[in-house]
>>> print(open('protein37.cif').read())   # mmCIF, N, CA and C atoms
data_coords
loop_
_atom_site.label_atom_id
_atom_site.label_comp_id
_atom_site.auth_asym_id
_atom_site.auth_seq_id
_atom_site.Cartn_x
_atom_site.Cartn_y
_atom_site.Cartn_z
N MET A 665 0.85 -1.19 0.00
CA MET A 665 0.00 0.00 0.00
C MET A 665 0.88 1.23 0.00
N GLN A 666 0.60 2.15 -0.90
CA GLN A 666 1.39 3.37 -1.05
C GLN A 666 0.74 4.50 -0.26
N LEU A 667 1.51 5.13 0.63
CA LEU A 667 1.01 6.28 1.39
C LEU A 667 1.09 7.54 0.54
N PRO A 668 0.19 8.50 0.77
CA PRO A 668 0.30 9.77 0.05
C PRO A 668 1.62 10.46 0.38
N LYS A 669 2.13 11.23 -0.58
CA LYS A 669 3.42 11.92 -0.43
C LYS A 669 3.43 12.84 0.79
N GLU A 670 2.33 13.48 1.08
CA GLU A 670 2.24 14.39 2.22
C GLU A 670 2.51 13.66 3.54
N ILE A 671 1.94 12.48 3.68
CA ILE A 671 2.14 11.69 4.90
C ILE A 671 3.57 11.19 4.98
N GLU A 672 4.13 10.73 3.83
CA GLU A 672 5.52 10.27 3.82
C GLU A 672 6.46 11.38 4.22
N THR A 673 6.22 12.59 3.72
CA THR A 673 7.07 13.74 4.05
C THR A 673 6.98 14.07 5.53
N LYS A 674 5.77 14.04 6.08
CA LYS A 674 5.60 14.33 7.50
C LYS A 674 6.27 13.27 8.37
N ARG A 675 6.19 12.02 7.96
CA ARG A 675 6.84 10.94 8.72
C ARG A 675 8.36 11.08 8.69
N LEU A 676 8.90 11.44 7.53
CA LEU A 676 10.35 11.65 7.43
C LEU A 676 10.77 12.84 8.28
N LEU A 677 10.02 13.91 8.24
CA LEU A 677 10.33 15.08 9.04
C LEU A 677 10.27 14.76 10.54
N LEU A 678 9.28 14.01 10.94
CA LEU A 678 9.17 13.59 12.34
C LEU A 678 10.35 12.73 12.76
N LEU A 679 10.77 11.82 11.89
CA LEU A 679 11.93 10.98 12.17
C LEU A 679 13.19 11.82 12.32
N VAL A 680 13.40 12.76 11.42
CA VAL A 680 14.59 13.61 11.48
C VAL A 680 14.58 14.47 12.73
N VAL A 681 13.45 15.08 13.04
CA VAL A 681 13.37 15.94 14.21
C VAL A 681 13.57 15.15 15.50
N SER A 682 12.94 14.00 15.60
CA SER A 682 13.08 13.23 16.84
C SER A 682 14.50 12.68 17.01
N CYS A 683 15.12 12.21 15.94
CA CYS A 683 16.50 11.73 16.05
C CYS A 683 17.46 12.88 16.34
N SER A 684 17.23 14.03 15.74
CA SER A 684 18.08 15.19 15.99
C SER A 684 17.95 15.65 17.44
N LEU A 685 16.74 15.67 17.95
CA LEU A 685 16.51 16.06 19.34
C LEU A 685 17.18 15.08 20.29
N ALA A 686 17.06 13.80 20.00
CA ALA A 686 17.74 12.80 20.83
C ALA A 686 19.25 12.99 20.77
N GLY A 687 19.78 13.31 19.59
CA GLY A 687 21.21 13.55 19.44
C GLY A 687 21.67 14.77 20.22
N VAL A 688 20.88 15.82 20.22
CA VAL A 688 21.20 17.04 20.98
C VAL A 688 21.26 16.72 22.48
N ILE A 689 20.29 15.98 22.95
CA ILE A 689 20.24 15.65 24.38
C ILE A 689 21.41 14.76 24.77
N VAL A 690 21.64 13.70 24.01
CA VAL A 690 22.73 12.78 24.33
C VAL A 690 24.09 13.47 24.19
N GLY A 691 24.26 14.24 23.13
CA GLY A 691 25.53 14.94 22.93
C GLY A 691 25.80 15.98 24.02
N GLY A 692 24.79 16.70 24.42
CA GLY A 692 24.95 17.69 25.49
C GLY A 692 25.28 17.04 26.81
N ILE A 693 24.57 15.98 27.15
CA ILE A 693 24.83 15.30 28.42
C ILE A 693 26.22 14.67 28.42
N ALA A 694 26.60 14.06 27.31
CA ALA A 694 27.91 13.41 27.24
C ALA A 694 29.04 14.42 27.38
N SER A 695 28.94 15.55 26.70
CA SER A 695 30.02 16.53 26.79
C SER A 695 30.03 17.22 28.16
N TRP A 696 28.87 17.42 28.74
CA TRP A 696 28.81 18.00 30.09
C TRP A 696 29.45 17.05 31.10
N ALA A 697 29.13 15.77 30.98
CA ALA A 697 29.70 14.77 31.89
C ALA A 697 31.21 14.65 31.68
N GLU A 698 31.65 14.73 30.44
CA GLU A 698 33.09 14.67 30.15
C GLU A 698 33.81 15.85 30.80
N GLY A 699 33.18 17.03 30.76
CA GLY A 699 33.78 18.20 31.40
C GLY A 699 33.89 18.04 32.90
N ASN A 700 32.88 17.50 33.52
CA ASN A 700 32.93 17.25 34.96
C ASN A 700 33.98 16.20 35.30
N TRP A 701 34.05 15.15 34.49
CA TRP A 701 35.03 14.10 34.71
C TRP A 701 36.45 14.66 34.55
N CYS A 702 36.62 15.53 33.57
CA CYS A 702 37.93 16.13 33.31
C CYS A 702 38.39 16.95 34.51
N LEU A 703 37.50 17.71 35.11
CA LEU A 703 37.86 18.56 36.25
C LEU A 703 38.12 17.74 37.52
N GLN A 704 37.56 16.55 37.61
CA GLN A 704 37.74 15.72 38.80
C GLN A 704 38.84 14.68 38.64
N ALA A 705 39.55 14.71 37.52
CA ALA A 705 40.61 13.74 37.28
C ALA A 705 41.78 14.00 38.23
N SER A 706 42.61 12.99 38.42
CA SER A 706 43.76 13.13 39.33
C SER A 706 44.78 14.12 38.78
N THR A 707 44.93 14.18 37.46
CA THR A 707 45.80 15.18 36.83
C THR A 707 44.97 15.98 35.85
N VAL A 708 44.76 17.24 36.16
CA VAL A 708 43.93 18.12 35.34
C VAL A 708 44.83 18.75 34.27
N THR A 709 44.43 18.63 33.01
CA THR A 709 45.21 19.17 31.91
C THR A 709 44.88 20.65 31.70
N SER A 710 45.76 21.34 30.99
CA SER A 710 45.51 22.75 30.70
C SER A 710 44.32 22.93 29.77
N GLU A 711 44.12 21.96 28.86
CA GLU A 711 42.95 22.02 27.97
C GLU A 711 41.66 21.95 28.76
N CYS A 712 41.67 21.14 29.79
CA CYS A 712 40.49 20.99 30.64
C CYS A 712 40.18 22.29 31.36
N LEU A 713 41.21 23.00 31.79
CA LEU A 713 41.01 24.24 32.53
C LEU A 713 40.64 25.42 31.64
N THR A 714 41.11 25.42 30.40
CA THR A 714 40.90 26.58 29.53
C THR A 714 39.59 26.51 28.75
N GLN A 715 39.03 25.33 28.57
CA GLN A 715 37.80 25.23 27.79
C GLN A 715 36.58 25.48 28.67
N ASP A 716 35.73 26.37 28.23
CA ASP A 716 34.52 26.73 28.96
C ASP A 716 33.52 25.58 28.93
N GLN A 717 32.91 25.30 30.06
CA GLN A 717 31.95 24.19 30.17
C GLN A 717 30.75 24.40 29.25
N ILE A 718 30.28 25.63 29.14
CA ILE A 718 29.11 25.91 28.29
C ILE A 718 29.48 25.71 26.82
N THR A 719 30.66 26.18 26.43
CA THR A 719 31.11 25.99 25.05
C THR A 719 31.26 24.51 24.72
N ARG A 720 31.82 23.76 25.64
CA ARG A 720 32.01 22.33 25.45
C ARG A 720 30.64 21.64 25.29
N THR A 721 29.67 22.03 26.10
CA THR A 721 28.34 21.44 26.03
C THR A 721 27.65 21.78 24.72
N ILE A 722 27.79 23.02 24.27
CA ILE A 722 27.17 23.44 23.00
C ILE A 722 27.80 22.69 21.83
N LYS A 723 29.11 22.51 21.87
CA LYS A 723 29.77 21.73 20.81
C LYS A 723 29.25 20.30 20.79
N GLY A 724 29.09 19.70 21.95
CA GLY A 724 28.55 18.35 22.02
C GLY A 724 27.12 18.27 21.51
N MET A 725 26.32 19.29 21.83
CA MET A 725 24.94 19.32 21.37
C MET A 725 24.88 19.47 19.85
N SER A 726 25.74 20.30 19.27
CA SER A 726 25.71 20.48 17.82
C SER A 726 26.20 19.22 17.11
N THR A 727 27.19 18.55 17.68
CA THR A 727 27.63 17.29 17.10
C THR A 727 26.52 16.25 17.17
N GLY A 728 25.80 16.22 18.29
CA GLY A 728 24.67 15.30 18.43
C GLY A 728 23.56 15.60 17.45
N LEU A 729 23.33 16.88 17.17
CA LEU A 729 22.30 17.29 16.21
C LEU A 729 22.62 16.74 14.83
N VAL A 730 23.85 16.92 14.40
CA VAL A 730 24.26 16.45 13.08
C VAL A 730 24.23 14.92 13.02
N ALA A 731 24.73 14.27 14.08
CA ALA A 731 24.73 12.81 14.11
C ALA A 731 23.31 12.25 14.10
N GLY A 732 22.40 12.86 14.85
CA GLY A 732 21.02 12.41 14.88
C GLY A 732 20.32 12.58 13.54
N ALA A 733 20.53 13.72 12.90
CA ALA A 733 19.93 13.95 11.59
C ALA A 733 20.50 12.98 10.56
N GLY A 734 21.80 12.75 10.61
CA GLY A 734 22.41 11.80 9.69
C GLY A 734 21.89 10.39 9.90
N ALA A 735 21.72 10.01 11.14
CA ALA A 735 21.18 8.69 11.44
C ALA A 735 19.75 8.55 10.94
N ALA A 736 18.96 9.59 11.08
CA ALA A 736 17.57 9.55 10.62
C ALA A 736 17.51 9.40 9.11
N PHE A 737 18.32 10.19 8.39
CA PHE A 737 18.31 10.07 6.93
C PHE A 737 18.85 8.71 6.49
N GLY A 738 19.86 8.22 7.17
CA GLY A 738 20.38 6.89 6.85
C GLY A 738 19.34 5.81 7.05
N ALA A 739 18.61 5.90 8.15
CA ALA A 739 17.56 4.92 8.42
C ALA A 739 16.44 5.02 7.40
N ALA A 740 16.07 6.24 7.03
CA ALA A 740 14.99 6.43 6.06
C ALA A 740 15.38 5.89 4.68
N PHE A 741 16.60 6.20 4.25
CA PHE A 741 17.02 5.70 2.94
C PHE A 741 17.25 4.20 2.95
N GLY A 742 17.72 3.68 4.08
CA GLY A 742 17.87 2.23 4.20
C GLY A 742 16.53 1.52 4.12
N ALA A 743 15.54 2.07 4.79
CA ALA A 743 14.20 1.48 4.74
C ALA A 743 13.61 1.57 3.34
N ALA A 744 13.84 2.70 2.68
CA ALA A 744 13.32 2.85 1.31
C ALA A 744 14.01 1.88 0.36
N TRP A 745 15.31 1.70 0.54
CA TRP A 745 16.05 0.76 -0.31
C TRP A 745 15.56 -0.67 -0.09
N GLN A 746 15.37 -1.04 1.18
CA GLN A 746 14.90 -2.38 1.49
C GLN A 746 13.50 -2.61 0.95
N HIS A 747 12.65 -1.58 1.05
CA HIS A 747 11.29 -1.70 0.54
C HIS A 747 11.29 -1.88 -0.98
N GLY A 748 12.21 -1.20 -1.65
CA GLY A 748 12.29 -1.29 -3.10
C GLY A 748 12.88 -2.59 -3.59
N HIS A 749 13.60 -3.31 -2.74
CA HIS A 749 14.25 -4.55 -3.15
C HIS A 749 13.59 -5.80 -2.58
N LYS A 750 12.35 -5.70 -2.17
CA LYS A 750 11.62 -6.88 -1.68
C LYS A 750 11.30 -7.79 -2.86
N ASP A 751 11.30 -9.06 -2.59
CA ASP A 751 10.97 -10.03 -3.67
C ASP A 751 9.50 -10.07 -3.95
#
>>> encode(input="protein37.cif", output="structure tokens")
Amino acid sequence: MQLPKEIETKRLLLLVVSCSLAGVIVGGIASWAEGNWCLQASTVTSECLTQDQITRTIKGMSTGLVAGAGAAFGAAFGAAWQHGHKD
């Protein structure tokens, strides 16, 4: 059964937005936790002391955004390819 193009577009957009949001959350939490771990290490490096925690968290969130969007598009194209190659 073929879905209307409008519904397919909305489903793809929902997939991209939800994966991107998950990537932002995971990336932000991971970089924030890494910053805390870095400051509590037995030997604190100069990089750890000079990098701002907010900047580090924003970089992690932006990386998560791109990774989430890429994963969503990869999953969507993989599903489309598999659907097109069914016997």
>>> resolve_selection(input="protein37.cif", expression="the PyMOL selection byres ((chain A and resi 718-733) around 6)", output="ChimeraX atom specification")
/A:680,683-684,687-689,691-692,695-696,715-717,734-738
>>> atom_distance(input="protein37.cif", atom1="atom CA of Leu676 of chain A", atom2="atom C of Ala694 of chain A")
27.5 Å
>>> atom_distance(input="protein37.cif", atom1="atom CA of Val690 of chain A", atom2="atom CA of Thr673 of chain A")
25.6 Å
>>> select_by_dssp(input="protein37.cif", residues="segment 671-717 of chain A", states="alpha helix (DSSP H)", output="compact mmCIF listing (two decimals) with N, CA and C atoms, in the coordinates of the input")
# COMPACT_ATOMS: atom_id res chain seq x y z
N ILE A 671 1.94 12.48 3.68
CA ILE A 671 2.14 11.69 4.90
C ILE A 671 3.57 11.19 4.98
N GLU A 672 4.13 10.73 3.83
CA GLU A 672 5.52 10.27 3.82
C GLU A 672 6.46 11.38 4.22
N THR A 673 6.22 12.59 3.72
CA THR A 673 7.07 13.74 4.05
C THR A 673 6.98 14.07 5.53
N LYS A 674 5.77 14.04 6.08
CA LYS A 674 5.60 14.33 7.50
C LYS A 674 6.27 13.27 8.37
N ARG A 675 6.19 12.02 7.96
CA ARG A 675 6.84 10.94 8.72
C ARG A 675 8.36 11.08 8.69
N LEU A 676 8.90 11.44 7.53
CA LEU A 676 10.35 11.65 7.43
C LEU A 676 10.77 12.84 8.28
N LEU A 677 10.02 13.91 8.24
CA LEU A 677 10.33 15.08 9.04
C LEU A 677 10.27 14.76 10.54
N LEU A 678 9.28 14.01 10.94
CA LEU A 678 9.17 13.59 12.34
C LEU A 678 10.35 12.73 12.76
N LEU A 679 10.77 11.82 11.89
CA LEU A 679 11.93 10.98 12.17
C LEU A 679 13.19 11.82 12.32
N VAL A 680 13.40 12.76 11.42
CA VAL A 680 14.59 13.61 11.48
C VAL A 680 14.58 14.47 12.73
N VAL A 681 13.45 15.08 13.04
CA VAL A 681 13.37 15.94 14.21
C VAL A 681 13.57 15.15 15.50
N SER A 682 12.94 14.00 15.60
CA SER A 682 13.08 13.23 16.84
C SER A 682 14.50 12.68 17.01
N CYS A 683 15.12 12.21 15.94
CA CYS A 683 16.50 11.73 16.05
C CYS A 683 17.46 12.88 16.34
N SER A 684 17.23 14.03 15.74
CA SER A 684 18.08 15.19 15.99
C SER A 684 17.95 15.65 17.44
N LEU A 685 16.74 15.67 17.95
CA LEU A 685 16.51 16.06 19.34
C LEU A 685 17.18 15.08 20.29
N ALA A 686 17.06 13.80 20.00
CA ALA A 686 17.74 12.80 20.83
C ALA A 686 19.25 12.99 20.77
N GLY A 687 19.78 13.31 19.59
CA GLY A 687 21.21 13.55 19.44
C GLY A 687 21.67 14.77 20.22
N VAL A 688 20.88 15.82 20.22
CA VAL A 688 21.20 17.04 20.98
C VAL A 688 21.26 16.72 22.48
N ILE A 689 20.29 15.98 22.95
CA ILE A 689 20.24 15.65 24.38
C ILE A 689 21.41 14.76 24.77
N VAL A 690 21.64 13.70 24.01
CA VAL A 690 22.73 12.78 24.33
C VAL A 690 24.09 13.47 24.19
N GLY A 691 24.26 14.24 23.13
CA GLY A 691 25.53 14.94 22.93
C GLY A 691 25.80 15.98 24.02
N GLY A 692 24.79 16.70 24.42
CA GLY A 692 24.95 17.69 25.49
C GLY A 692 25.28 17.04 26.81
N ILE A 693 24.57 15.98 27.15
CA ILE A 693 24.83 15.30 28.42
C ILE A 693 26.22 14.67 28.42
N ALA A 694 26.60 14.06 27.31
CA ALA A 694 27.91 13.41 27.24
C ALA A 694 29.04 14.42 27.38
N SER A 695 28.94 15.55 26.70
CA SER A 695 30.02 16.53 26.79
C SER A 695 30.03 17.22 28.16
N TRP A 696 28.87 17.42 28.74
CA TRP A 696 28.81 18.00 30.09
C TRP A 696 29.45 17.05 31.10
N ALA A 697 29.13 15.77 30.98
CA ALA A 697 29.70 14.77 31.89
C ALA A 697 31.21 14.65 31.68
N GLU A 698 31.65 14.73 30.44
CA GLU A 698 33.09 14.67 30.15
C GLU A 698 33.81 15.85 30.80
N GLY A 699 33.18 17.03 30.76
CA GLY A 699 33.78 18.20 31.40
C GLY A 699 33.89 18.04 32.90
N ASN A 700 32.88 17.50 33.52
CA ASN A 700 32.93 17.25 34.96
C ASN A 700 33.98 16.20 35.30
N TRP A 701 34.05 15.15 34.49
CA TRP A 701 35.03 14.10 34.71
C TRP A 701 36.45 14.66 34.55
N CYS A 702 36.62 15.53 33.57
CA CYS A 702 37.93 16.13 33.31
C CYS A 702 38.39 16.95 34.51
N LEU A 703 37.50 17.71 35.11
CA LEU A 703 37.86 18.56 36.25
C LEU A 703 38.12 17.74 37.52
N SER A 710 45.76 21.34 30.99
CA SER A 710 45.51 22.75 30.70
C SER A 710 44.32 22.93 29.77
N GLU A 711 44.12 21.96 28.86
CA GLU A 711 42.95 22.02 27.97
C GLU A 711 41.66 21.95 28.76
N CYS A 712 41.67 21.14 29.79
CA CYS A 712 40.49 20.99 30.64
C CYS A 712 40.18 22.29 31.36
N LEU A 713 41.21 23.00 31.79
CA LEU A 713 41.01 24.24 32.53
C LEU A 713 40.64 25.42 31.64
N THR A 714 41.11 25.42 30.40
CA THR A 714 40.90 26.58 29.53
C THR A 714 39.59 26.51 28.75
N GLN A 717 32.91 25.30 30.06
CA GLN A 717 31.95 24.19 30.17
C GLN A 717 30.75 24.40 29.25
>>> atom_distance(input="protein37.cif", atom1="atom N of Glu672 of chain A", atom2="atom C of Ala743 of chain A")
13.2 Å
